[in-house]
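The data block below is my_file_23.txt; it holds compact mmCIF, C-alpha atoms.
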# COMPACT_ATOMS: atom_id res chain seq x y z
CA MET A 170 3.82 24.38 15.12
CA ILE A 171 1.76 25.26 12.03
CA ALA A 172 0.71 28.54 13.64
CA ALA A 173 4.38 29.39 14.30
CA ILE A 174 5.30 28.62 10.69
CA LEU A 175 2.46 30.80 9.42
CA ALA A 176 3.63 33.53 11.77
CA GLY A 177 7.01 33.53 10.04
CA ASP A 178 9.16 30.82 11.62
CA THR A 179 9.42 28.95 8.32
CA GLN A 180 12.41 26.84 9.41
CA LEU A 181 10.01 24.83 11.57
CA TYR A 182 8.49 23.50 8.36
CA HIS A 183 11.49 21.17 7.96
CA GLN A 184 10.71 19.63 11.31
CA LEU A 185 6.98 19.46 10.64
CA ILE A 186 7.26 17.38 7.48
CA GLN A 187 10.05 15.01 8.49
CA PRO A 188 7.75 12.21 9.75
CA TYR A 189 5.79 12.27 6.48
CA GLU A 190 8.58 12.20 3.92
CA ARG A 191 8.25 8.48 3.30
CA SER A 192 4.43 8.46 2.99
CA VAL A 193 4.44 11.30 0.49
CA TYR A 194 7.24 9.72 -1.52
CA MET A 195 5.46 6.35 -1.53
CA MET A 196 2.24 7.94 -2.75
CA ALA A 197 4.19 9.62 -5.54
CA LEU A 198 6.03 6.39 -6.39
CA SER A 199 2.78 4.46 -6.62
CA TYR A 200 1.80 6.74 -9.50
CA MET A 201 5.03 7.68 -11.20
CA LYS A 202 6.67 4.22 -11.03
CA ASN A 203 10.20 5.53 -11.21
CA GLU A 204 12.25 7.02 -8.41
CA ALA A 205 13.32 10.24 -10.10
CA ASP A 206 9.79 11.31 -11.09
CA ALA A 207 8.44 10.23 -7.70
CA GLU A 208 11.05 12.34 -5.91
CA ASP A 209 10.20 15.33 -8.08
CA VAL A 210 6.48 14.93 -7.36
CA ALA A 211 7.18 14.56 -3.64
CA GLN A 212 9.27 17.76 -3.62
CA GLU A 213 6.55 19.66 -5.45
CA ALA A 214 3.93 18.33 -3.05
CA PHE A 215 5.90 19.51 -0.01
CA LEU A 216 6.40 22.92 -1.62
CA LYS A 217 2.71 23.26 -2.46
CA ALA A 218 1.83 22.21 1.06
CA PHE A 219 4.10 24.95 2.39
CA HIS A 220 2.57 27.60 0.16
CA HIS A 221 -0.96 26.49 1.06
CA LEU A 222 -0.34 25.79 4.73
CA ALA A 223 -2.86 28.45 5.73
CA SER A 224 -5.60 26.41 4.07
CA PHE A 225 -4.91 23.32 6.20
CA ARG A 226 -7.83 22.62 8.50
CA SER A 227 -6.92 21.00 11.78
CA GLU A 228 -9.98 18.72 11.73
CA SER A 229 -8.17 16.59 9.16
CA LYS A 230 -4.86 14.83 9.80
CA PHE A 231 -1.77 16.56 8.45
CA SER A 232 -0.51 13.29 6.94
CA THR A 233 -3.79 12.79 5.07
CA TRP A 234 -3.69 16.35 3.76
CA LEU A 235 -0.09 15.95 2.57
CA VAL A 236 -0.73 12.63 0.87
CA GLY A 237 -3.77 14.16 -0.85
CA ILE A 238 -1.58 16.95 -2.23
CA ALA A 239 0.99 14.41 -3.48
CA LEU A 240 -1.76 12.40 -5.13
CA ASN A 241 -3.14 15.48 -6.90
CA GLU A 242 0.32 16.50 -8.03
CA ALA A 243 1.03 13.02 -9.43
CA ARG A 244 -2.34 12.83 -11.15
CA SER A 245 -2.03 16.27 -12.71
CA ARG A 246 1.39 15.35 -14.12
CA LEU A 247 0.12 12.11 -15.57
CA ARG A 248 -2.92 13.90 -16.98
CA ARG A 249 -0.64 16.50 -18.52
CA ASP A 250 1.37 13.68 -20.08
CA GLY A 251 -1.83 11.99 -21.24
CA VAL A 252 -1.33 8.77 -19.33
CA LEU A 253 -3.96 9.01 -16.58
CA ARG A 254 -7.08 6.94 -17.07
CA MET A 255 -10.28 7.25 -15.09
CA ASP A 256 -11.29 4.33 -12.89
CA SER A 257 -14.79 3.34 -12.00
CA LEU A 258 -16.08 5.29 -9.03
CA ASP A 259 -18.16 2.42 -7.75
CA ASP A 260 -16.30 -0.70 -6.62
CA THR A 261 -18.84 -2.02 -4.21
CA ARG A 262 -20.80 -3.73 -6.96
CA GLU A 263 -20.19 -7.43 -7.49
CA ASP A 264 -19.84 -7.63 -11.25
CA GLY A 265 -16.51 -7.72 -12.95
CA GLY A 266 -14.36 -7.24 -9.90
CA HIS A 267 -14.12 -10.65 -8.27
CA VAL A 268 -10.59 -11.88 -7.60
CA SER A 269 -9.82 -15.49 -6.75
CA PRO A 270 -6.69 -16.41 -4.83
CA ALA A 271 -4.07 -18.96 -5.86
CA VAL A 272 -5.25 -22.30 -4.50
CA LEU A 273 -2.66 -24.02 -2.33
CA ARG A 274 -2.73 -27.16 -0.22
CA ASP A 275 -0.19 -25.98 2.31
CA TRP A 276 1.97 -22.99 3.08
CA ARG A 277 5.39 -22.90 4.64
CA GLU A 278 6.17 -19.46 5.99
CA VAL A 279 8.69 -17.34 4.14
CA PRO A 280 10.66 -15.52 6.85
CA SER A 281 11.61 -11.86 6.59
CA GLU A 282 15.26 -12.85 6.21
CA ALA A 283 14.38 -13.78 2.61
CA LEU A 284 14.17 -10.02 1.99
CA GLN A 285 17.93 -9.78 2.33
CA ARG A 286 18.00 -11.13 -1.20
CA LYS A 287 17.67 -8.51 -3.89
CA GLU A 288 15.70 -10.72 -6.27
CA VAL A 289 13.05 -11.34 -3.62
CA ARG A 290 12.71 -7.62 -2.85
CA GLN A 291 12.47 -6.83 -6.55
CA MET A 292 9.82 -9.49 -7.05
CA LEU A 293 7.66 -7.98 -4.30
CA GLN A 294 8.24 -4.41 -5.56
CA LYS A 295 7.26 -5.43 -9.06
CA ALA A 296 4.11 -7.15 -7.88
CA ILE A 297 2.98 -4.09 -5.90
CA THR A 298 3.84 -1.49 -8.53
CA GLY A 299 2.21 -3.71 -11.15
CA LEU A 300 -1.18 -3.64 -9.42
CA PRO A 301 -3.86 -1.62 -11.24
CA GLU A 302 -3.73 1.98 -10.05
CA LYS A 303 -6.86 2.06 -7.90
CA TYR A 304 -5.76 -1.08 -6.03
CA ARG A 305 -2.13 -0.04 -5.80
CA GLU A 306 -2.81 3.32 -4.14
CA VAL A 307 -5.09 1.77 -1.51
CA PHE A 308 -2.69 -1.10 -0.84
CA ILE A 309 0.28 1.23 -0.38
CA LEU A 310 -1.51 3.56 2.01
CA ARG A 311 -3.12 0.78 4.05
CA ASP A 312 -0.64 -2.08 4.06
CA VAL A 313 2.69 -0.39 3.37
CA GLU A 314 2.22 3.00 5.06
CA GLU A 315 -0.24 1.58 7.60
CA MET A 316 -2.85 4.33 7.41
CA ASN A 317 -6.25 3.29 8.74
CA VAL A 318 -9.29 2.93 6.47
CA PHE A 319 -10.64 6.38 7.34
CA GLU A 320 -7.34 8.16 6.64
CA THR A 321 -6.96 6.19 3.40
CA ALA A 322 -10.49 7.06 2.30
CA ALA A 323 -9.91 10.75 3.10
CA ALA A 324 -6.55 10.89 1.32
CA LEU A 325 -7.94 9.27 -1.83
CA SER A 326 -11.37 10.95 -1.67
CA ILE A 327 -13.18 7.61 -1.86
CA THR A 328 -15.58 5.88 0.51
CA VAL A 329 -14.50 3.61 3.36
CA ALA A 330 -16.44 0.79 1.66
CA ASN A 331 -14.39 1.27 -1.50
CA VAL A 332 -11.17 1.23 0.51
CA LYS A 333 -12.13 -2.15 1.95
CA VAL A 334 -13.17 -3.64 -1.39
CA ARG A 335 -10.07 -2.40 -3.21
CA LEU A 336 -7.76 -3.50 -0.40
CA HIS A 337 -9.28 -6.98 -0.37
CA ARG A 338 -8.83 -7.33 -4.11
CA ALA A 339 -5.30 -5.97 -4.00
CA ARG A 340 -4.33 -8.47 -1.32
CA LEU A 341 -5.80 -11.41 -3.23
CA MET A 342 -4.12 -10.23 -6.46
CA LEU A 343 -0.78 -10.23 -4.66
CA GLN A 344 -1.45 -13.63 -3.09
CA LYS A 345 -2.39 -15.00 -6.51
CA GLN A 346 0.73 -13.66 -8.15
CA LEU A 347 3.29 -14.14 -5.41
CA SER A 348 2.41 -17.28 -3.49
CA PRO A 349 3.17 -19.75 -6.32
CA VAL A 350 6.62 -18.18 -6.65
CA LEU A 351 7.36 -17.53 -2.98
CA LYS A 352 6.51 -21.09 -1.99
CA ASN A 353 9.54 -22.23 -3.97
CA ILE A 354 11.90 -20.06 -1.99
CA ASN A 355 14.30 -21.55 0.43
CA PRO A 356 15.66 -18.59 2.41
CA LYS A 357 18.97 -20.27 3.12
CA ARG A 358 19.76 -22.07 -0.10
CA GLY A 359 18.18 -19.98 -2.82
CA TRP A 360 15.58 -21.06 -5.33
CA ILE A 361 14.28 -24.58 -5.38
CA PRO A 362 13.99 -25.77 -8.99
CA TRP A 363 10.47 -25.98 -10.37
CA PHE A 364 10.98 -29.53 -11.66
CA MET B 145 -25.89 -20.92 6.63
CA VAL B 146 -23.68 -23.11 4.47
CA LEU B 147 -20.16 -21.92 3.89
CA ASN B 148 -18.02 -22.90 1.00
CA CYS B 149 -14.48 -21.89 0.19
CA LYS B 150 -15.45 -19.03 -2.13
CA HIS B 151 -17.44 -17.33 0.62
CA VAL B 152 -14.43 -17.61 2.91
CA TRP B 153 -12.15 -16.09 0.24
CA ASP B 154 -14.39 -13.01 0.22
CA TRP B 155 -13.82 -12.62 3.95
CA ILE B 156 -10.07 -13.17 4.09
CA SER B 157 -9.20 -9.48 4.20
CA GLY B 158 -11.79 -8.75 6.89
CA TYR B 159 -10.59 -11.78 8.85
CA LEU B 160 -6.99 -10.55 8.74
CA ASP B 161 -8.04 -7.04 9.81
CA ASP B 162 -10.35 -8.47 12.47
CA THR B 163 -13.27 -6.42 11.17
CA LEU B 164 -15.76 -9.23 10.53
CA PRO B 165 -18.93 -9.40 12.59
CA LEU B 166 -18.44 -11.89 15.44
CA GLU B 167 -20.79 -14.49 13.96
CA THR B 168 -19.13 -14.36 10.54
CA ARG B 169 -15.70 -14.62 12.13
CA LYS B 170 -16.79 -17.75 13.99
CA PHE B 171 -18.07 -19.33 10.78
CA VAL B 172 -14.83 -18.50 8.98
CA GLN B 173 -12.75 -19.83 11.87
CA ASN B 174 -14.74 -23.05 11.90
CA HIS B 175 -14.23 -23.45 8.15
CA LEU B 176 -10.50 -22.76 8.46
CA ASP B 177 -10.20 -25.41 11.15
CA HIS B 178 -11.34 -28.02 8.64
CA CYS B 179 -10.18 -26.72 5.25
CA GLU B 180 -6.48 -27.02 4.44
CA ILE B 181 -6.87 -25.05 1.19
CA CYS B 182 -8.43 -21.98 2.81
CA SER B 183 -5.95 -22.20 5.68
CA ALA B 184 -3.08 -22.18 3.20
CA ILE B 185 -4.60 -19.24 1.32
CA LEU B 186 -5.01 -17.31 4.56
CA ASP B 187 -1.48 -18.13 5.77
CA SER B 188 0.09 -17.21 2.44
CA THR B 189 -1.83 -13.92 2.27
CA ARG B 190 -0.81 -13.02 5.82
CA ASN B 191 2.80 -13.94 5.09
CA ILE B 192 2.86 -11.85 1.91
CA LEU B 193 1.42 -8.84 3.76
CA ILE B 194 4.16 -9.09 6.39
CA LEU B 195 6.82 -9.23 3.68
CA THR B 196 5.39 -6.37 1.59
CA ALA B 197 5.08 -4.14 4.68
CA ASP B 198 8.78 -4.51 5.43
CA GLU B 199 10.67 -1.24 5.06
CA LEU B 200 13.30 -3.04 2.97
CA ILE B 201 10.87 -3.30 0.07
CA PHE B 202 10.54 0.41 -0.61
CA GLN B 203 13.25 2.70 0.64
CA LEU B 204 13.67 6.41 0.18
CA PRO B 205 16.34 7.12 -2.46
CA VAL B 206 19.75 7.90 -0.99
CA GLY B 207 19.97 11.64 -0.30
CA PHE B 208 16.19 12.17 -0.67
CA SER B 209 15.81 14.14 2.56
CA GLU B 210 18.88 16.28 1.96
CA ARG B 211 17.73 17.23 -1.54
CA LEU B 212 14.19 17.91 -0.36
CA HIS B 213 15.22 20.19 2.49
CA ALA B 214 17.80 21.99 0.35
CA ARG B 215 15.10 22.75 -2.23
CA LEU B 216 12.66 23.84 0.46
CA ASP B 217 15.29 26.17 1.88
CA GLN B 218 15.92 27.60 -1.53
CA GLU B 219 12.23 28.20 -2.30
CA MET B 220 11.13 29.31 1.15
CA THR B 221 13.78 31.96 1.35
CA GLY B 222 13.78 32.84 -2.34
This structure in structure tokens:
Amino acid sequence: MIAAILAGDTQLYHQLIQPYERSVYMMALSYMKNEADAEDVAQEAFLKAFHHLASFRSESKFSTWLVGIALNEARSRLRRDGVLRMDSLDDTREDGGHVSPAVLRDWREVPSEALQRKEVRQMLQKAITGLPEKYREVFILRDVEEMNVFETAAALSITVANVKVRLHRARLMLQKQLSPVLKNINPKRGWIPWF
Amino acid sequence: MVLNCKHVWDWISGYLDDTLPLETRKFVQNHLDHCEICSAILDSTRNILILTADELIFQLPVGFSERLHARLDQEMTG
């Protein structure tokens, strides 16, 4: 399909990108943190991908390539606005990065029907978007968009080892933040009082 | 090898992804069989991952696709 688009059948580009709209938007949202800016970044990313389609190499996955473009677009905007900070490149070391989970004695499963409630959805959204950037981007690609570790590493230009370390920490950060609150949810009756 | 809870916490993500070496996985499983705290931590983490992966959490804005393809049309033909 890419060859046909490059040969002039540009309308096929609409079809080509449809399966990746959500992943690109999510990558943008993980950086921009508001829907309007994320949508703008996603649109720019798809446009840049179209204009640079000839540079796509088939040995990489198209989704990974697209997400990489979205990431660069988001980062360049944040850099332009002076809000992008540099993270450590090496997360495999032990010092300073250990995350402990919330300690519980038991856990009663919160069913997916709890997500019908807006306040529960907002709580989860807030926890994810509130993760530090380097953990948030890995978590979203791996656990929300379900990319594998190799695709995630390629999209973010980091090592597979760093993907695993960051994902582990992101998951424990979310467990630490969310489990004490979620355990007080009764999906049918609403919140159980703390006291 | 003596396992305590903190070692198991370091392996929770690998355990959930089933990427631990077989021997490590067995040690973790054995610990989980006897430790209610680590079992609760594992169960809560797994539960939270199921909830956060649900498509209801993050949805494309209404009209996202229409606006995207309209802009692409405009720029690709312009």
| message | Residues of chain A within 8 Å of chain B, counting all atoms listed in the file, what are they? List them as an MDAnalysis selection string. | response | chainID A and resid 179 183 190:191 194:195 204 208 212 216 269:276 278:279 281 284 290:291 293:294 312:314 336:337 340:341 343:344 347:348
| If you measure from atom CA of A:Glu302 to atom CA of A:Leu235, what distance in Å do you get, rounded to one decimal? | 19.2 Å
Can you tell me which residues surround A:Leu247 at a distance of at most 12 Å, considering all atoms listed in the file, apart from same-chain residues fewer than 2 positions away, and format the answer as a tab-separated table (two decimals) with C-alpha atoms, in the coordinates of the input?
chain	number	residue	atom	x	y	z
A	197	ALA	CA	4.19	9.62	-5.54
A	200	TYR	CA	1.80	6.74	-9.50
A	201	MET	CA	5.03	7.68	-11.20
A	202	LYS	CA	6.67	4.22	-11.03
A	206	ASP	CA	9.79	11.31	-11.09
A	207	ALA	CA	8.44	10.23	-7.70
A	210	VAL	CA	6.48	14.93	-7.36
A	240	LEU	CA	-1.76	12.40	-5.13
A	241	ASN	CA	-3.14	15.48	-6.90
A	242	GLU	CA	0.32	16.50	-8.03
A	243	ALA	CA	1.03	13.02	-9.43
A	244	ARG	CA	-2.34	12.83	-11.15
A	245	SER	CA	-2.03	16.27	-12.71
A	249	ARG	CA	-0.64	16.50	-18.52
A	250	ASP	CA	1.37	13.68	-20.08
A	251	GLY	CA	-1.83	11.99	-21.24
A	252	VAL	CA	-1.33	8.77	-19.33
A	253	LEU	CA	-3.96	9.01	-16.58
A	254	ARG	CA	-7.08	6.94	-17.07
A	255	MET	CA	-10.28	7.25	-15.09
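Counting from atom CA of A:Leu222, the distance to atom CA of A:Ala323 is 17.9 Å.
Atom CA of A:Glu315 is positioned 21.2 Å from atom CA of A:Glu282.
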| field | Test item: which residues lie within 12 Å of (5.9, 33.3, 6.5) counting all atoms listed in the file, as a ChimeraX atom specification | value | /A:171-182,219-223 /B:219-222
Keeping only C-alpha atoms, write the selected residues to a file as a PDB file, in the coordinates of the input.
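This is the output file result.pdb:
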ATOM      1  CA  ILE A 171       1.760  25.260  12.030  1.00  0.00           C
ATOM      2  CA  ALA A 172       0.710  28.540  13.640  1.00  0.00           C
ATOM      3  CA  ALA A 173       4.380  29.390  14.300  1.00  0.00           C
ATOM      4  CA  ILE A 174       5.300  28.620  10.690  1.00  0.00           C
ATOM      5  CA  LEU A 175       2.460  30.800   9.420  1.00  0.00           C
ATOM      6  CA  ALA A 176       3.630  33.530  11.770  1.00  0.00           C
ATOM      7  CA  GLY A 177       7.010  33.530  10.040  1.00  0.00           C
ATOM      8  CA  ASP A 178       9.160  30.820  11.620  1.00  0.00           C
ATOM      9  CA  THR A 179       9.420  28.950   8.320  1.00  0.00           C
ATOM     10  CA  GLN A 180      12.410  26.840   9.410  1.00  0.00           C
ATOM     11  CA  LEU A 181      10.010  24.830  11.570  1.00  0.00           C
ATOM     12  CA  TYR A 182       8.490  23.500   8.360  1.00  0.00           C
ATOM     13  CA  PHE A 219       4.100  24.950   2.390  1.00  0.00           C
ATOM     14  CA  HIS A 220       2.570  27.600   0.160  1.00  0.00           C
ATOM     15  CA  HIS A 221      -0.960  26.490   1.060  1.00  0.00           C
ATOM     16  CA  LEU A 222      -0.340  25.790   4.730  1.00  0.00           C
ATOM     17  CA  ALA A 223      -2.860  28.450   5.730  1.00  0.00           C
TER      18      ALA A 223
ATOM     19  CA  GLU B 219      12.230  28.200  -2.300  1.00  0.00           C
ATOM     20  CA  MET B 220      11.130  29.310   1.150  1.00  0.00           C
ATOM     21  CA  THR B 221      13.780  31.960   1.350  1.00  0.00           C
ATOM     22  CA  GLY B 222      13.780  32.840  -2.340  1.00  0.00           C
TER      23      GLY B 222
END
| task | Find the spatial neighbours of A:Arg311, counting only C-alpha atoms, within a cut-off of 8 Å - ignore same-chain residues fewer than 6 positions away - and output them as a list in words. | result | Asn317, Val318, Thr321 and Leu336 of chain A
Expected axis-aligned box over every listed atom of stretch 295-303 of chain A, 5 Å added per side, centre plus edges in Å to one decimal, as lines of an AutoDock Vina configuration file:
center_x = 0.2
center_y = -2.5
center_z = -8.6
size_x = 24.1
size_y = 19.2
size_z = 15.3
